[in-house]
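Data block for data04.cif (mmCIF, C-alpha atoms):
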```
data_final
#
loop_
_atom_site.label_atom_id
_atom_site.label_comp_id
_atom_site.auth_asym_id
_atom_site.auth_seq_id
_atom_site.Cartn_x
_atom_site.Cartn_y
_atom_site.Cartn_z
CA MET A 1 2.72 14.73 27.60
CA ALA A 2 -0.06 12.21 27.07
CA SER A 3 -1.31 10.05 29.92
CA SER A 4 1.10 7.29 30.89
CA ARG A 5 -1.85 4.89 30.77
CA LYS A 6 -1.91 5.14 27.01
CA ILE A 7 0.01 2.55 25.03
CA ARG A 8 2.95 4.13 23.21
CA VAL A 9 3.23 2.96 19.60
CA LEU A 10 6.07 3.93 17.25
CA HIS A 11 5.56 3.33 13.51
CA VAL A 12 8.85 2.96 11.61
CA SER A 13 9.06 3.23 7.82
CA LEU A 14 11.78 3.82 5.27
CA GLY A 15 10.47 7.24 4.27
CA PHE A 16 7.47 9.55 4.04
CA ASP A 17 7.13 9.91 0.29
CA VAL A 18 3.77 9.31 -1.37
CA GLY A 19 3.00 5.61 -1.87
CA GLY A 20 0.56 2.95 -0.78
CA GLN A 21 2.39 1.96 2.40
CA GLU A 22 2.94 5.62 3.31
CA LYS A 23 -0.74 6.41 2.73
CA LEU A 24 -1.59 3.70 5.22
CA LEU A 25 0.55 5.44 7.83
CA VAL A 26 -1.75 8.44 7.47
CA GLU A 27 -4.74 6.15 8.04
CA PHE A 28 -3.13 4.80 11.22
CA ALA A 29 -2.67 8.41 12.32
CA ARG A 30 -6.22 9.43 11.39
CA HIS A 31 -8.14 6.49 12.86
CA ALA A 32 -6.15 5.61 15.98
CA ASP A 33 -8.06 5.19 19.22
CA ARG A 34 -6.71 8.26 20.98
CA GLU A 35 -8.15 7.18 24.31
CA ARG A 36 -5.94 4.07 24.33
CA PHE A 37 -2.90 4.83 22.18
CA GLU A 38 -0.21 7.49 21.87
CA LEU A 39 1.42 7.36 18.41
CA SER A 40 4.65 8.63 16.94
CA PHE A 41 6.20 8.06 13.52
CA LEU A 42 9.82 7.62 12.44
CA ALA A 43 11.42 7.38 8.99
CA LEU A 44 14.89 5.99 8.45
CA GLY A 45 15.23 8.33 5.46
CA GLY A 46 14.01 11.87 4.92
CA ARG A 47 10.78 13.83 5.06
CA GLY A 48 8.10 13.79 2.44
CA PRO A 49 4.53 15.06 2.08
CA VAL A 50 3.17 12.21 4.21
CA ALA A 51 5.10 13.58 7.21
CA ASP A 52 3.15 16.83 6.96
CA ALA A 53 -0.16 14.95 6.80
CA ILE A 54 0.70 12.96 9.93
CA GLU A 55 1.75 16.08 11.85
CA ASP A 56 -1.48 17.80 10.79
CA LEU A 57 -3.30 14.98 12.56
CA GLY A 58 -1.42 15.79 15.77
CA TRP A 59 1.25 13.10 15.96
CA PRO A 60 5.03 13.72 16.16
CA VAL A 61 7.32 12.75 13.26
CA LEU A 62 11.06 12.05 13.40
CA THR A 63 13.34 11.50 10.40
CA LEU A 64 16.87 10.08 10.62
CA ASP A 65 18.02 11.04 7.08
CA GLN A 66 20.02 7.83 6.73
CA PRO A 67 21.57 7.23 3.29
CA THR A 68 20.85 4.02 1.44
CA GLY A 69 22.95 0.93 2.10
CA LEU A 70 23.54 -1.30 5.09
CA LYS A 71 24.07 0.71 8.28
CA PRO A 72 24.71 -1.61 11.27
CA LYS A 73 25.13 1.31 13.68
CA LEU A 74 21.53 2.28 12.97
CA VAL A 75 20.45 -0.55 15.29
CA PHE A 76 22.02 1.24 18.26
CA ARG A 77 20.53 4.59 17.30
CA LEU A 78 17.07 3.06 17.10
CA CYS A 79 17.63 1.27 20.40
CA SER A 80 18.36 4.61 22.04
CA ILE A 81 15.23 6.19 20.52
CA PHE A 82 13.03 3.32 21.65
CA ARG A 83 14.34 3.66 25.20
CA ASP A 84 14.15 7.47 25.31
CA GLN A 85 10.54 7.45 24.09
CA HIS A 86 9.55 4.58 26.41
CA VAL A 87 8.06 2.81 23.42
CA GLN A 88 5.82 -0.16 24.22
CA ILE A 89 4.99 -1.18 20.66
CA VAL A 90 7.34 -0.90 17.68
CA HIS A 91 5.47 -1.36 14.41
CA SER A 92 7.77 -1.48 11.37
CA HIS A 93 6.72 -1.43 7.72
CA ASP A 94 8.42 -3.34 4.87
CA ASP A 95 11.88 -4.80 4.42
CA ASN A 96 14.41 -2.11 5.25
CA PRO A 97 13.07 -1.14 8.69
CA LEU A 98 12.70 -4.84 9.53
CA LEU A 99 16.47 -5.31 9.30
CA TYR A 100 17.11 -2.77 12.05
CA CYS A 101 13.99 -2.65 14.22
CA GLY A 102 14.05 -6.27 15.34
CA PRO A 103 17.48 -6.23 17.00
CA ALA A 104 16.93 -2.68 18.28
CA ALA A 105 13.61 -3.61 19.89
CA LYS A 106 15.26 -6.65 21.47
CA PHE A 107 18.17 -4.66 22.91
CA ALA A 108 15.85 -1.89 24.13
CA ARG A 109 13.54 -4.47 25.73
CA VAL A 110 10.50 -3.16 23.89
CA PRO A 111 7.58 -5.28 25.13
CA CYS A 112 6.06 -5.93 21.69
CA TYR A 113 7.46 -5.71 18.16
CA LEU A 114 5.09 -6.09 15.20
CA HIS A 115 5.97 -5.91 11.51
CA THR A 116 3.84 -5.46 8.39
CA GLN A 117 4.96 -6.66 4.97
CA HIS A 118 3.01 -4.54 2.49
CA HIS A 119 4.12 -6.09 -0.78
CA GLY A 120 4.09 -9.44 -2.54
CA LYS A 121 7.00 -11.07 -4.29
CA ILE A 122 9.66 -8.66 -5.57
CA PRO A 123 11.57 -10.29 -8.44
CA GLN A 124 14.69 -8.17 -7.94
CA MET A 125 15.18 -9.24 -4.30
CA SER A 126 18.38 -11.22 -3.90
CA ARG A 127 18.62 -14.51 -2.02
CA ARG A 128 20.65 -12.70 0.62
CA GLN A 129 17.87 -10.16 1.14
CA GLU A 130 15.27 -12.89 1.36
CA PHE A 131 17.41 -14.76 3.90
CA LEU A 132 17.74 -11.62 6.04
CA VAL A 133 13.97 -11.12 6.05
CA GLY A 134 13.52 -14.66 7.33
CA VAL A 135 16.13 -14.19 10.04
CA MET A 136 14.88 -10.81 11.25
CA SER A 137 11.27 -11.98 11.28
CA ARG A 138 12.17 -14.10 14.31
CA PHE A 139 12.43 -10.95 16.43
CA THR A 140 8.75 -10.15 15.82
CA HIS A 141 5.79 -11.05 17.98
CA ARG A 142 3.60 -10.94 14.87
CA PHE A 143 4.61 -10.78 11.20
CA VAL A 144 1.62 -9.33 9.39
CA CYS A 145 1.14 -9.79 5.64
CA VAL A 146 -1.45 -7.85 3.65
CA SER A 147 -2.47 -10.82 1.50
CA LYS A 148 -2.43 -14.61 1.51
CA ASP A 149 -0.04 -14.46 -1.43
CA SER A 150 2.39 -12.32 0.57
CA ALA A 151 2.13 -14.65 3.56
CA GLU A 152 2.99 -17.66 1.39
CA GLN A 153 5.98 -15.79 -0.04
CA MET A 154 7.23 -14.80 3.41
CA ILE A 155 6.86 -18.29 4.85
CA GLY A 156 8.86 -19.53 1.87
CA GLN A 157 11.60 -17.09 2.87
CA GLY A 158 11.79 -18.49 6.39
CA VAL A 159 9.24 -16.44 8.32
CA PRO A 160 7.83 -18.75 11.03
CA ILE A 161 4.28 -19.86 10.28
CA LYS A 162 3.21 -19.37 13.90
CA LYS A 163 4.17 -15.68 13.74
CA THR A 164 2.52 -15.01 10.36
CA LEU A 165 -0.88 -13.37 10.14
CA VAL A 166 -2.88 -12.08 7.15
CA LEU A 167 -4.49 -8.69 7.74
CA ARG A 168 -5.57 -7.04 4.51
CA ASN A 169 -5.29 -3.33 3.81
CA GLY A 170 -8.28 -1.05 3.99
CA ILE A 171 -9.35 2.38 2.82
CA ASP A 172 -11.57 5.12 4.21
CA VAL A 173 -14.73 4.35 2.24
CA GLU A 174 -16.28 7.62 3.43
CA ARG A 175 -13.63 9.54 1.46
CA PHE A 176 -14.54 7.57 -1.66
CA PRO A 177 -18.34 7.62 -1.86
CA PHE A 178 -20.01 5.53 -4.52
CA GLN A 179 -20.60 7.32 -7.81
CA GLY A 180 -20.25 4.75 -10.58
CA PRO A 181 -18.47 5.15 -13.91
CA GLU A 182 -18.54 8.41 -15.83
CA LEU A 183 -19.22 6.79 -19.19
CA SER A 184 -17.82 9.68 -21.23
CA GLY A 185 -14.67 9.83 -19.10
CA PRO A 186 -11.17 8.46 -19.65
CA ALA A 187 -9.56 5.31 -18.36
CA VAL A 188 -7.51 6.22 -15.28
CA CYS A 189 -4.42 4.68 -13.71
CA VAL A 190 -3.03 5.83 -10.34
CA ALA A 191 0.39 4.36 -9.65
CA ARG A 192 4.00 5.09 -8.86
CA LEU A 193 5.89 5.29 -12.14
CA ALA A 194 8.11 2.34 -11.27
CA PRO A 195 9.05 -0.83 -13.18
CA GLU A 196 6.84 -3.16 -11.13
CA LYS A 197 3.69 -1.23 -12.08
CA GLY A 198 3.87 -2.43 -15.69
CA LEU A 199 3.00 0.90 -17.28
CA GLY A 200 5.08 0.20 -20.39
CA VAL A 201 2.85 -2.80 -21.04
CA LEU A 202 -0.17 -0.54 -20.59
CA LEU A 203 1.12 1.85 -23.25
CA ASP A 204 1.61 -1.09 -25.64
CA ALA A 205 -1.99 -2.11 -24.95
CA VAL A 206 -3.28 1.43 -25.56
CA ALA A 207 -1.53 1.48 -28.93
CA GLN A 208 -3.69 -1.53 -29.88
CA VAL A 209 -6.88 -0.09 -28.37
CA VAL A 210 -6.80 3.20 -30.27
CA ARG A 211 -6.78 1.41 -33.59
CA ALA A 212 -10.24 0.06 -32.77
CA GLN A 213 -11.46 2.93 -30.55
CA PRO A 214 -9.87 6.16 -31.82
CA GLY A 215 -11.51 8.17 -29.05
CA PHE A 216 -9.93 6.17 -26.25
CA ARG A 217 -8.19 8.25 -23.57
CA LEU A 218 -5.96 7.27 -20.68
CA GLU A 219 -4.83 9.47 -17.78
CA ILE A 220 -1.95 8.31 -15.58
CA ALA A 221 -1.50 9.91 -12.15
CA GLY A 222 1.74 9.49 -10.23
CA ASP A 223 5.46 10.07 -10.39
CA GLY A 224 8.56 7.95 -10.11
CA PRO A 225 11.82 6.78 -11.65
CA CYS A 226 10.28 5.63 -14.96
CA ARG A 227 8.70 8.99 -15.79
CA GLU A 228 11.08 9.98 -18.60
CA SER A 229 11.21 6.55 -20.23
CA LEU A 230 7.41 6.28 -20.18
CA HIS A 231 7.05 9.73 -21.73
CA GLN A 232 9.47 8.71 -24.45
CA LYS A 233 7.60 5.48 -25.09
CA MET A 234 4.35 7.42 -25.38
CA GLN A 235 5.97 9.60 -28.05
CA ASP A 236 7.46 6.59 -29.87
CA LEU A 237 4.03 4.93 -30.01
CA LYS A 238 2.42 8.19 -31.20
CA LEU A 239 0.00 8.22 -28.26
CA ALA A 240 0.29 11.89 -27.26
CA ASP A 241 -3.33 12.52 -28.32
CA HIS A 242 -4.57 9.61 -26.22
CA VAL A 243 -2.42 9.50 -23.05
CA ARG A 244 -1.88 12.20 -20.42
CA PHE A 245 0.63 12.01 -17.58
CA LEU A 246 -0.80 14.06 -14.72
CA GLY A 247 2.08 13.84 -12.27
CA GLN A 248 1.30 13.57 -8.58
CA VAL A 249 -2.42 14.11 -7.96
CA ASP A 250 -3.57 15.14 -4.49
CA ASP A 251 -7.32 14.81 -5.05
CA VAL A 252 -7.61 11.18 -6.12
CA PRO A 253 -11.36 10.96 -5.33
CA ALA A 254 -12.03 13.78 -7.81
CA LEU A 255 -9.87 12.10 -10.45
CA LEU A 256 -11.75 8.83 -10.06
CA ALA A 257 -15.06 10.68 -10.19
CA ARG A 258 -14.53 11.61 -13.84
CA ALA A 259 -13.27 8.19 -14.97
CA ARG A 260 -15.00 5.47 -16.97
CA LEU A 261 -12.71 2.73 -15.67
CA PHE A 262 -9.58 2.09 -13.64
CA VAL A 263 -6.60 0.08 -14.87
CA LEU A 264 -3.49 -1.11 -13.02
CA PRO A 265 -1.19 -3.52 -14.95
CA SER A 266 1.22 -4.39 -12.10
CA PHE A 267 3.77 -7.20 -12.14
CA SER A 268 3.67 -7.40 -8.33
CA GLU A 269 1.17 -6.21 -5.69
CA GLY A 270 0.24 -6.64 -2.08
CA ILE A 271 -3.27 -5.26 -1.63
CA SER A 272 -3.38 -2.17 -3.82
CA LEU A 273 -4.98 0.85 -2.15
CA THR A 274 -5.65 2.50 -5.50
CA VAL A 275 -7.59 -0.59 -6.64
CA LEU A 276 -9.66 -0.43 -3.44
CA GLU A 277 -10.28 3.30 -3.92
CA ALA A 278 -11.46 2.77 -7.48
CA LEU A 279 -13.76 -0.07 -6.40
CA ALA A 280 -15.20 2.13 -3.64
CA ARG A 281 -16.00 4.81 -6.21
CA GLY A 282 -17.89 2.21 -8.22
CA LEU A 283 -15.50 2.00 -11.16
CA PRO A 284 -14.91 -1.17 -13.14
CA VAL A 285 -11.36 -2.23 -12.31
CA LEU A 286 -9.02 -3.97 -14.73
CA THR A 287 -5.84 -5.30 -13.17
CA THR A 288 -3.43 -8.22 -13.29
CA ALA A 289 -3.75 -11.59 -11.59
CA VAL A 290 -0.71 -11.07 -9.35
CA GLY A 291 -0.08 -10.85 -5.62
CA GLY A 292 -3.17 -9.97 -3.62
CA ASN A 293 -5.23 -8.77 -6.60
CA PRO A 294 -7.14 -12.07 -6.97
CA GLU A 295 -8.05 -11.77 -3.28
CA VAL A 296 -9.80 -8.49 -4.07
CA ILE A 297 -11.09 -9.02 -7.63
CA GLU A 298 -13.21 -11.95 -8.76
CA SER A 299 -12.84 -11.65 -12.51
CA GLY A 300 -16.13 -11.02 -14.26
CA VAL A 301 -17.92 -10.35 -10.96
CA ASN A 302 -16.45 -7.17 -9.43
CA GLY A 303 -13.66 -6.43 -11.94
CA LEU A 304 -11.50 -8.02 -14.60
CA LEU A 305 -8.18 -9.83 -14.20
CA VAL A 306 -5.63 -10.43 -16.97
CA PRO A 307 -2.20 -12.10 -16.94
CA PRO A 308 0.75 -9.80 -16.19
CA ARG A 309 2.94 -8.57 -19.07
CA ASP A 310 0.23 -9.50 -21.61
CA ASP A 311 -0.51 -6.33 -23.57
CA SER A 312 -2.91 -8.14 -25.93
CA ALA A 313 -5.09 -9.43 -23.09
CA LEU A 314 -4.98 -6.00 -21.47
CA ALA A 315 -6.04 -4.37 -24.75
CA GLN A 316 -8.93 -6.80 -25.23
CA SER A 317 -10.28 -6.08 -21.75
CA LEU A 318 -9.92 -2.32 -22.23
CA LEU A 319 -11.90 -2.63 -25.46
CA ALA A 320 -14.58 -4.69 -23.72
CA LEU A 321 -15.01 -2.11 -20.96
CA GLY A 322 -14.96 0.70 -23.50
CA ALA A 323 -17.79 -0.86 -25.51
CA ASP A 324 -20.15 -2.15 -22.81
CA ASP A 325 -21.78 0.43 -20.52
CA SER A 326 -23.87 -2.14 -18.63
CA LEU A 327 -20.76 -4.22 -17.87
CA CYS A 328 -19.06 -1.15 -16.41
CA HIS A 329 -22.04 -0.42 -14.15
CA ARG A 330 -22.42 -4.04 -13.02
CA LEU A 331 -18.74 -4.47 -12.13
CA GLY A 332 -18.65 -1.10 -10.39
CA GLU A 333 -21.65 -1.81 -8.17
CA ALA A 334 -20.28 -5.20 -7.16
CA GLY A 335 -16.87 -3.66 -6.46
CA ARG A 336 -18.34 -1.12 -4.07
CA ARG A 337 -20.13 -3.85 -2.13
CA ARG A 338 -16.88 -5.82 -1.91
CA VAL A 339 -14.92 -2.92 -0.42
CA GLU A 340 -17.62 -1.97 2.08
CA THR A 341 -17.78 -5.55 3.35
CA HIS A 342 -14.10 -6.49 3.50
CA PHE A 343 -11.75 -3.49 3.17
CA ASP A 344 -12.81 -0.70 5.51
CA VAL A 345 -9.79 0.99 7.08
CA ARG A 346 -11.46 1.51 10.45
CA ARG A 347 -11.79 -2.23 10.92
CA MET A 348 -8.19 -2.66 9.74
CA VAL A 349 -6.82 -0.19 12.31
CA ALA A 350 -8.96 -1.70 15.06
CA ARG A 351 -7.55 -5.16 14.32
CA TYR A 352 -3.99 -3.82 14.53
CA GLU A 353 -4.81 -2.13 17.84
CA ASN A 354 -6.13 -5.45 19.14
CA LEU A 355 -2.80 -7.04 18.13
CA TYR A 356 -0.97 -4.33 20.08
CA ALA A 357 -3.04 -5.05 23.16
CA GLU A 358 -2.60 -8.81 22.79
CA GLY A 359 1.16 -8.34 22.43
CA LEU A 360 1.24 -6.53 25.76
CA GLY A 361 -1.09 -9.00 27.41
CA VAL A 362 -3.77 -6.39 28.14
CA ALA A 363 -7.50 -6.78 27.69
CA VAL A 364 -8.94 -6.25 24.24
CA PRO A 365 -12.11 -4.12 24.38
CA CYS A 366 -15.34 -5.72 23.25
CA THR A 367 -16.74 -4.30 20.00
#
```
Write-out of the structure in structure tokens:
Amino acid sequence: MASSRKIRVLHVSLGFDVGGQEKLLVEFARHADRERFELSFLALGGRGPVADAIEDLGWPVLTLDQPTGLKPKLVFRLCSIFRDQHVQIVHSHDDNPLLYCGPAAKFARVPCYLHTQHHGKIPQMSRRQEFLVGVMSRFTHRFVCVSKDSAEQMIGQGVPIKKTLVLRNGIDVERFPFQGPELSGPAVCVARLAPEKGLGVLLDAVAQVVRAQPGFRLEIAGDGPCRESLHQKMQDLKLADHVRFLGQVDDVPALLARARLFVLPSFSEGISLTVLEALARGLPVLTTAVGGNPEVIESGVNGLLVPPRDDSALAQSLLALGADDSLCHRLGEAGRRRVETHFDVRRMVARYENLYAEGLGVAVPCT
């Protein structure tokens, strides 16, 4: 049992599958101040590979294996867990845990409840879901958004302004040392194969690119519900010689090391970790002007931004990056500087830990 003087923090997420929010849980586990904090992690759903990574770092993991759908009784189960573990800080992540953790933390008399909203606007969210987010946000001491765009969206859904705070995501820049573009390498995309990532639009753009640059190659890393439809679209567009689906890739730094450029054509984003990782590696990044992306990328300075769902604009920018080596180097160098200055995960975790301390009314260490 850890010292009782340590602050007990419980992170609650929907699941432990591989994704941006889940990867951040590993960063919380890796970079926590172990002299001050005792962490544990809970998923409302089942296990996934992220659970193993967290346990390898020495923190306990609990999964509730709850099926999808509204489960009011889950509030009481969480309340019991919070009490049994003597939790001092509950830190929930994204919409589903928010619905249950707020009331449970209140009933269990948890001293501080903090929530992080990792995404921007989700078009498929119903008005009812948006209303519930606004209501449940009132249980929080702090409602953290990963971008200004996300904060504006949440305030529009009823989250109190005085509770809302912008704290942008970060990455471990030491795991992604600067290398710069491999000019003979492929374009690379790392993303969950889900509708909001816009990968169908990317395939339409590639079909245009290969007519002008027959040697163009794209590698897509990730898995998800759109895998079969995207494979079929690749075949329909006769792109099998130009596009490779790699599935889930564990060694993302190595994948980025052999890339000429990084592309992510999302319809919605918070602060994309894969964009930050590509910038840290020194790759030119082409992405869409949605969500938090414009807060990371200044188009023409440290990357390129195009409108979402615009395959022609995406194709034109891919062609530009494919034809101009000096542009690739210039954008990549500026991108690395941007990440080092503003998106280091150690500073991100330290800011969250200061919020924990402030929520409990304890002194924040000088840094």
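Applied to this file, the PyMOL selection byres ((chain A and resi 144) around 7) selects A:His115, A:Thr116, A:Gln117, A:Arg142, A:Phe143, A:Cys145, A:Val146, A:Thr164, A:Leu165, A:Val166, A:Leu167.
Ranking A:Leu24, A:Leu132, A:Ala334, A:Leu64 by their shortest atom-to-atom distance to Val50 (chain A), with only C-alpha atoms included, puts A:Leu24 first.
Nearest to Ile155 (chain A) of all the residues A:Ala191, A:Ala212, A:Val345, A:Val133 is A:Val133, based on only C-alpha atoms.
By all atoms listed in the file, and with residues fewer than 3 positions from region 229-246 of chain A along its chain excluded, the set lying at most 7 Å from it is Gly200, Leu203, Ala207, Phe216, Arg217, Leu218, Glu219, Ile220, Ala221, Gly222, Cys226 and Val249 of chain A.
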Using C-alpha atoms, can you export the residues from the last selection as a CSV table (one decimal), in the coordinates of the input?
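Printed below is part19.csv as written:
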```
chain,number,residue,atom,x,y,z
A,200,GLY,CA,5.1,0.2,-20.4
A,203,LEU,CA,1.1,1.8,-23.2
A,207,ALA,CA,-1.5,1.5,-28.9
A,216,PHE,CA,-9.9,6.2,-26.2
A,217,ARG,CA,-8.2,8.2,-23.6
A,218,LEU,CA,-6.0,7.3,-20.7
A,219,GLU,CA,-4.8,9.5,-17.8
A,220,ILE,CA,-2.0,8.3,-15.6
A,221,ALA,CA,-1.5,9.9,-12.2
A,222,GLY,CA,1.7,9.5,-10.2
A,226,CYS,CA,10.3,5.6,-15.0
A,249,VAL,CA,-2.4,14.1,-8.0
```
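Between Ser317 (chain A) and the candidates A:Leu283, A:Met348, A:Ile297, A:Val263, the tightest atom-to-atom separation, counting all atoms listed in the file, involves A:Val263.
With the shown file loaded, the PyMOL selection byres ((chain A and resi 202) around 9) picks out Gly198, Leu199, Gly200, Val201, Leu203, Asp204, Ala205, Val206, Ala207, Val263, Leu264, Pro265, Arg309, Asp311, Leu314 and Ala315 of chain A.
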